[in-house]
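Take a look at the structure below.
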Amino acid sequence: MKIEDVQSTARQQRVAAHTHIKGLGLDAHGSALSIGTGMVGQEKAREAAGVVVELIGTKKMAGRALLLAGAPGTGKTALALAIAQELGSKVPFCPMVGSEVYSSEVKKTEILMENFRRAIGLRIKENKEVYEGEVTEITPAETENPLGGYGRTVSHVILGLKTTRGAKQLRLDPSIYEQMQKEKVAVGDIIYVEGSTGAVKRVGRSDAYATEFDLEAEEYVPLPKGDVHKKKEVIQDVSLHDLDVANARPQGGGSDLATVMGSVLKPKKTEITEKLRTEINRVVNRYIDQGTAELVPGVLFVDEVHMLDIECFTYLNRALESSLAPIVIFATNRGVCTIRGTDVVSPHGIPVDLLDRMLILRTMPYSLEEIIQIMSIRAETESLDIEDQALAALGEIGVRTSLRYAVQMLAPSKILAETNGRTSIHLSDIAEVDDLFFDAKASAAILANSDGYLA
């Protein structure tokens with residue numbers, strides 16, 4: 001097999017359950033469109049979520065939480081993802097499931113705190129001495145390996161950069177060449193190299209190449225103005241958890257094989273101490289006061305919140321009051337049930353004092369027309385050709401069973417259509433798949449008639 005024949009899969013996006021969600025689908029006045037940016041139905045819930053996005057944007061949502069309550073398959077996760085899309089890529093969004101806290105290695109509250117800090121971003125602005133421009137040349141210079149043998153090592157790399165004012169050739173350390181390889185820097189890319197640390201950042205592809213039929217380039221940027229060597233305000237986005245991990249990791253320790261293997265094969269997950277977090281908070285607050293950094297409270301989405309226990313809920317009460325707290329969105333499909341770890345019965349399995357802090361948002365079951373519309377959007381997202389009759393049948397199955405089951409039927413139906421030599425999904429393919437598989441309700445009905453064992 002030739003290497004050229006192997007296709008790169010690095011940039012292929014996996015089609016997931018909520019790939020089609022691109023936003024809340026609201027108009028300029030905040031009213032929900034019947035179909036918009038992948039969202040269908042749930043108009044009241046979407047309009048309420050739009051108000052929440054405004055609150056988050058104006059930083060008036062701190063210390064509060066949002067609870068999405070509704071039956072399974074009514075779009076709770078889709079709503080949370082739509083809120084994340086509306087907030088934009090610069091606002092951290094950290095999803096987790098309630099059962100994630102039950103780990104044998106780390107305390108429950110530690111996992112909650114870790115996710116809390118993942119959802120808080122810090123935008124650091126620094127004036128740095130940088131070399132910036134369009135890459136005109138990358139030439140690694142090789143020498144004999146000083147350790148002997150036949151191998152050759154990179155002694156230095158010649159990097160050519162040009163701007164609107166001029167061009168410059170730089171002779172750089174081999175470690176910078178390794179960073180350039182990691183960033184996938186090629187000739188024609190706009191990059192900058194920090195003078196003090198040697199850190200390399202790829203900004204994008206030069207717009208001089210914009211006429212090329214280049215599907216790989218994700219962003220074209222203009223040629224930088226001024227000299228190659230200049231002072232520039234560099235903006236870096238990190239989360240508080242990134243700072244915790246970077247400072248918790250022991251520095252140095254040698255480059256021998258035993259040390260490297262020890263760091264890779266760490267048997268246990270290490271806890272970050274409260275003392276370290278307090279110290280980082282102090283430094284962060286100092287940066288914010290000086291105006292060199294800006295806090296970006298993100299969104300922590302906790303699905304299946306009824307899986308948390310009383311210890312976690314007590315901790316959440318305190319964490320929501322912290323000055324460094326993200327916006328927390330909870331989701332549950334439970335009604336009145338027992339709070340885990342107690343005998344107390346409470347709405348949604350959440351203590352009343354924590355429920356008091358929440359804005360509760362109800363999601364309603366989808367109608368037949370809405371399910372058909374969702375199936376149509378999903379078929380388009382998954383690049384499936386489906387006939388109108390087949391879509392109507394899927395809608396009826398969705399009403400009878402659940403939306404999730406109807407969505408899951410699309411892929412098997414496509415396989416059956418291809419097996420029968422067709423490119424589009426027919427009504428007969430849907431009927432055959434429905435005959436081959438059982439949904440949760442049908443399976444439960446069979447089990448109800450069995451006497452402890454499956455007949």
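By order of appearance in the structure tokens: chains A, B, ..., then residues from 1 within every chain, and ligands from 1 in the order shown.
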For range 80-95 of chain A, find every residue with an atom within 7 Å (counting only C-alpha atoms), except residues of its own chain fewer than 2 positions away, and show them as a count of residues only. 20
Would you give me, as a PyMOL selection string, the residues in range 88-303 of chain A that DSSP reads as helix (DSSP H, G or I)? chain A and resi 98-101+108-118+174-182+207-209+240-248+257-264+274-290
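Separating CA of Ile138 in chain A from CA of Pro174 in chain A is a distance of 11.8 Å.
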With only C-alpha atoms as the basis for distance, which of A:Val97, A:Ala411, A:Val245, A:Leu112 is at the shortest distance from Thr381 in chain A? A:Ala411
Sel. of strand (DSSP E or B) residues, range 106-343 of chain A, as number ranges by chain: A: 120-144, 152-162, 167-172, 189-194, 200-206, 220-221, 229-239, 293-297, 299-303, 309, 327-332, 336-338, 340
Name the residues in contact with Leu33 in chain A at a cut-off of 10 Å, using only C-alpha atoms, excluding same-chain residues fewer than 6 positions from it; report them as a count of residues only. 11
Neighbour list for range 399-406 of chain A as a list of chain:residue names, cut-off 7 Å, only C-alpha atoms, skip fewer than 3 positions in-chain: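 Skipping anything fewer than 3 positions along the chain leaves A:Gly73, A:Leu368, A:Ile371, A:Leu394, A:Gly395, A:Glu396, A:Met409, A:Asp439, A:Lys441.
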Quick one: pull the distance between CA of Ala293 in chain A and CA of Arg123 in chain A, Å, one decimal. 5.5 Å
Using only C-alpha atoms, find the one residue out of A:Val221, A:Ile350, A:Ala65, A:Ile124 that sits nearest to Thr338 in chain A.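 Comparing A:Val221, A:Ile350, A:Ala65, A:Ile124 against Thr338 in chain A, the winner is A:Ile350.
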Would you mind listing, for every residue of range 87-138 of chain A within 7 Å of range 184-191 of chain A, the two atoms forming the shortest contact and the distance between them in Å to one decimal, using only C-alpha atoms, sorted by chain and ascending residue number, as JSON lines?
```
{"residue": "A:Glu132", "atom": "CA", "partner": "A:Ile191", "partner_atom": "CA", "distance": 5.8}
{"residue": "A:Gly133", "atom": "CA", "partner": "A:Ile190", "partner_atom": "CA", "distance": 5.5}
{"residue": "A:Glu134", "atom": "CA", "partner": "A:Ile190", "partner_atom": "CA", "distance": 4.4}
{"residue": "A:Val135", "atom": "CA", "partner": "A:Val187", "partner_atom": "CA", "distance": 5.0}
{"residue": "A:Thr136", "atom": "CA", "partner": "A:Val187", "partner_atom": "CA", "distance": 5.4}
{"residue": "A:Glu137", "atom": "CA", "partner": "A:Val187", "partner_atom": "CA", "distance": 6.1}
```
I'd like the neighbourhood of Arg422 in chain A as a PDB file with N, CA, C and O atoms, in the first residue's frame, where a residue qualifies if any of its atoms comes within 12 Å (using only C-alpha atoms), though same-chain residues fewer than 3 positions away should be ignored.
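Contents of the output file selection-v8.pdb:
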```
ATOM      1  N   LEU A 384     -28.529  11.830   3.919  1.00  0.00           N
ATOM      2  CA  LEU A 384     -29.395  10.715   3.530  1.00  0.00           C
ATOM      3  C   LEU A 384     -30.529  11.237   2.648  1.00  0.00           C
ATOM      4  O   LEU A 384     -31.106  12.281   2.922  1.00  0.00           O
ATOM      5  N   ASP A 385     -30.848  10.462   1.612  1.00  0.00           N
ATOM      6  CA  ASP A 385     -31.966  10.807   0.733  1.00  0.00           C
ATOM      7  C   ASP A 385     -33.171   9.980   1.189  1.00  0.00           C
ATOM      8  O   ASP A 385     -33.111   8.746   1.186  1.00  0.00           O
ATOM      9  N   ILE A 386     -34.243  10.650   1.600  1.00  0.00           N
ATOM     10  CA  ILE A 386     -35.408   9.927   2.149  1.00  0.00           C
ATOM     11  C   ILE A 386     -36.691  10.457   1.510  1.00  0.00           C
ATOM     12  O   ILE A 386     -36.854  11.661   1.313  1.00  0.00           O
ATOM     13  N   GLU A 387     -37.601   9.529   1.188  1.00  0.00           N
ATOM     14  CA  GLU A 387     -38.867   9.919   0.553  1.00  0.00           C
ATOM     15  C   GLU A 387     -39.844  10.481   1.590  1.00  0.00           C
ATOM     16  O   GLU A 387     -39.744  10.179   2.784  1.00  0.00           O
ATOM     17  N   SER A 413     -31.992   2.050   8.109  1.00  0.00           N
ATOM     18  CA  SER A 413     -32.859   2.152   6.920  1.00  0.00           C
ATOM     19  C   SER A 413     -32.031   2.433   5.667  1.00  0.00           C
ATOM     20  O   SER A 413     -32.302   1.890   4.593  1.00  0.00           O
ATOM     21  N   LYS A 414     -31.018   3.272   5.809  1.00  0.00           N
ATOM     22  CA  LYS A 414     -30.128   3.600   4.688  1.00  0.00           C
ATOM     23  C   LYS A 414     -29.375   2.347   4.224  1.00  0.00           C
ATOM     24  O   LYS A 414     -29.236   2.097   3.025  1.00  0.00           O
ATOM     25  N   ILE A 415     -28.904   1.559   5.207  1.00  0.00           N
ATOM     26  CA  ILE A 415     -28.170   0.316   4.880  1.00  0.00           C
ATOM     27  C   ILE A 415     -29.082  -0.656   4.131  1.00  0.00           C
ATOM     28  O   ILE A 415     -28.684  -1.261   3.135  1.00  0.00           O
ATOM     29  N   LEU A 416     -30.351  -0.800   4.590  1.00  0.00           N
ATOM     30  CA  LEU A 416     -31.317  -1.683   3.910  1.00  0.00           C
ATOM     31  C   LEU A 416     -31.596  -1.197   2.491  1.00  0.00           C
ATOM     32  O   LEU A 416     -31.672  -2.005   1.560  1.00  0.00           O
ATOM     33  N   ALA A 417     -31.734   0.138   2.312  1.00  0.00           N
ATOM     34  CA  ALA A 417     -31.990   0.710   0.985  1.00  0.00           C
ATOM     35  C   ALA A 417     -30.831   0.399   0.041  1.00  0.00           C
ATOM     36  O   ALA A 417     -31.047   0.001  -1.112  1.00  0.00           O
ATOM     37  N   GLU A 418     -29.598   0.551   0.540  1.00  0.00           N
ATOM     38  CA  GLU A 418     -28.415   0.264  -0.287  1.00  0.00           C
ATOM     39  C   GLU A 418     -28.313  -1.225  -0.616  1.00  0.00           C
ATOM     40  O   GLU A 418     -27.908  -1.601  -1.711  1.00  0.00           O
ATOM     41  N   THR A 419     -28.702  -2.068   0.356  1.00  0.00           N
ATOM     42  CA  THR A 419     -28.690  -3.530   0.118  1.00  0.00           C
ATOM     43  C   THR A 419     -29.663  -3.898  -0.999  1.00  0.00           C
ATOM     44  O   THR A 419     -29.400  -4.790  -1.809  1.00  0.00           O
ATOM     45  N   ILE A 425     -34.199   6.256   0.826  1.00  0.00           N
ATOM     46  CA  ILE A 425     -34.902   5.407   1.802  1.00  0.00           C
ATOM     47  C   ILE A 425     -36.397   5.408   1.465  1.00  0.00           C
ATOM     48  O   ILE A 425     -37.018   6.463   1.376  1.00  0.00           O
ATOM     49  N   HIS A 426     -36.972   4.192   1.281  1.00  0.00           N
ATOM     50  CA  HIS A 426     -38.393   4.028   0.969  1.00  0.00           C
ATOM     51  C   HIS A 426     -39.179   3.690   2.224  1.00  0.00           C
ATOM     52  O   HIS A 426     -38.602   3.336   3.259  1.00  0.00           O
ATOM     53  N   SER A 428     -40.881   1.037   2.660  1.00  0.00           N
ATOM     54  CA  SER A 428     -40.661  -0.399   2.940  1.00  0.00           C
ATOM     55  C   SER A 428     -39.426  -0.606   3.825  1.00  0.00           C
ATOM     56  O   SER A 428     -39.403  -1.503   4.681  1.00  0.00           O
ATOM     57  N   ASP A 429     -38.380   0.259   3.647  1.00  0.00           N
ATOM     58  CA  ASP A 429     -37.159   0.144   4.473  1.00  0.00           C
ATOM     59  C   ASP A 429     -37.461   0.490   5.931  1.00  0.00           C
ATOM     60  O   ASP A 429     -36.995  -0.186   6.845  1.00  0.00           O
TER      61      ASP A 429
END
```
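The space between CA of Gly204 in chain A and CA of Glu126 in chain A spans 20.4 Å.
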Got a sec: who's within 8 Å of Leu308 in chain A, counting only C-alpha atoms, leaving out chain neighbours fewer than 6 positions off, as a list in words?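 Once the adjacent positions are removed, what remains is Gly98, Ser99, Val101 and Arg340 of chain A.
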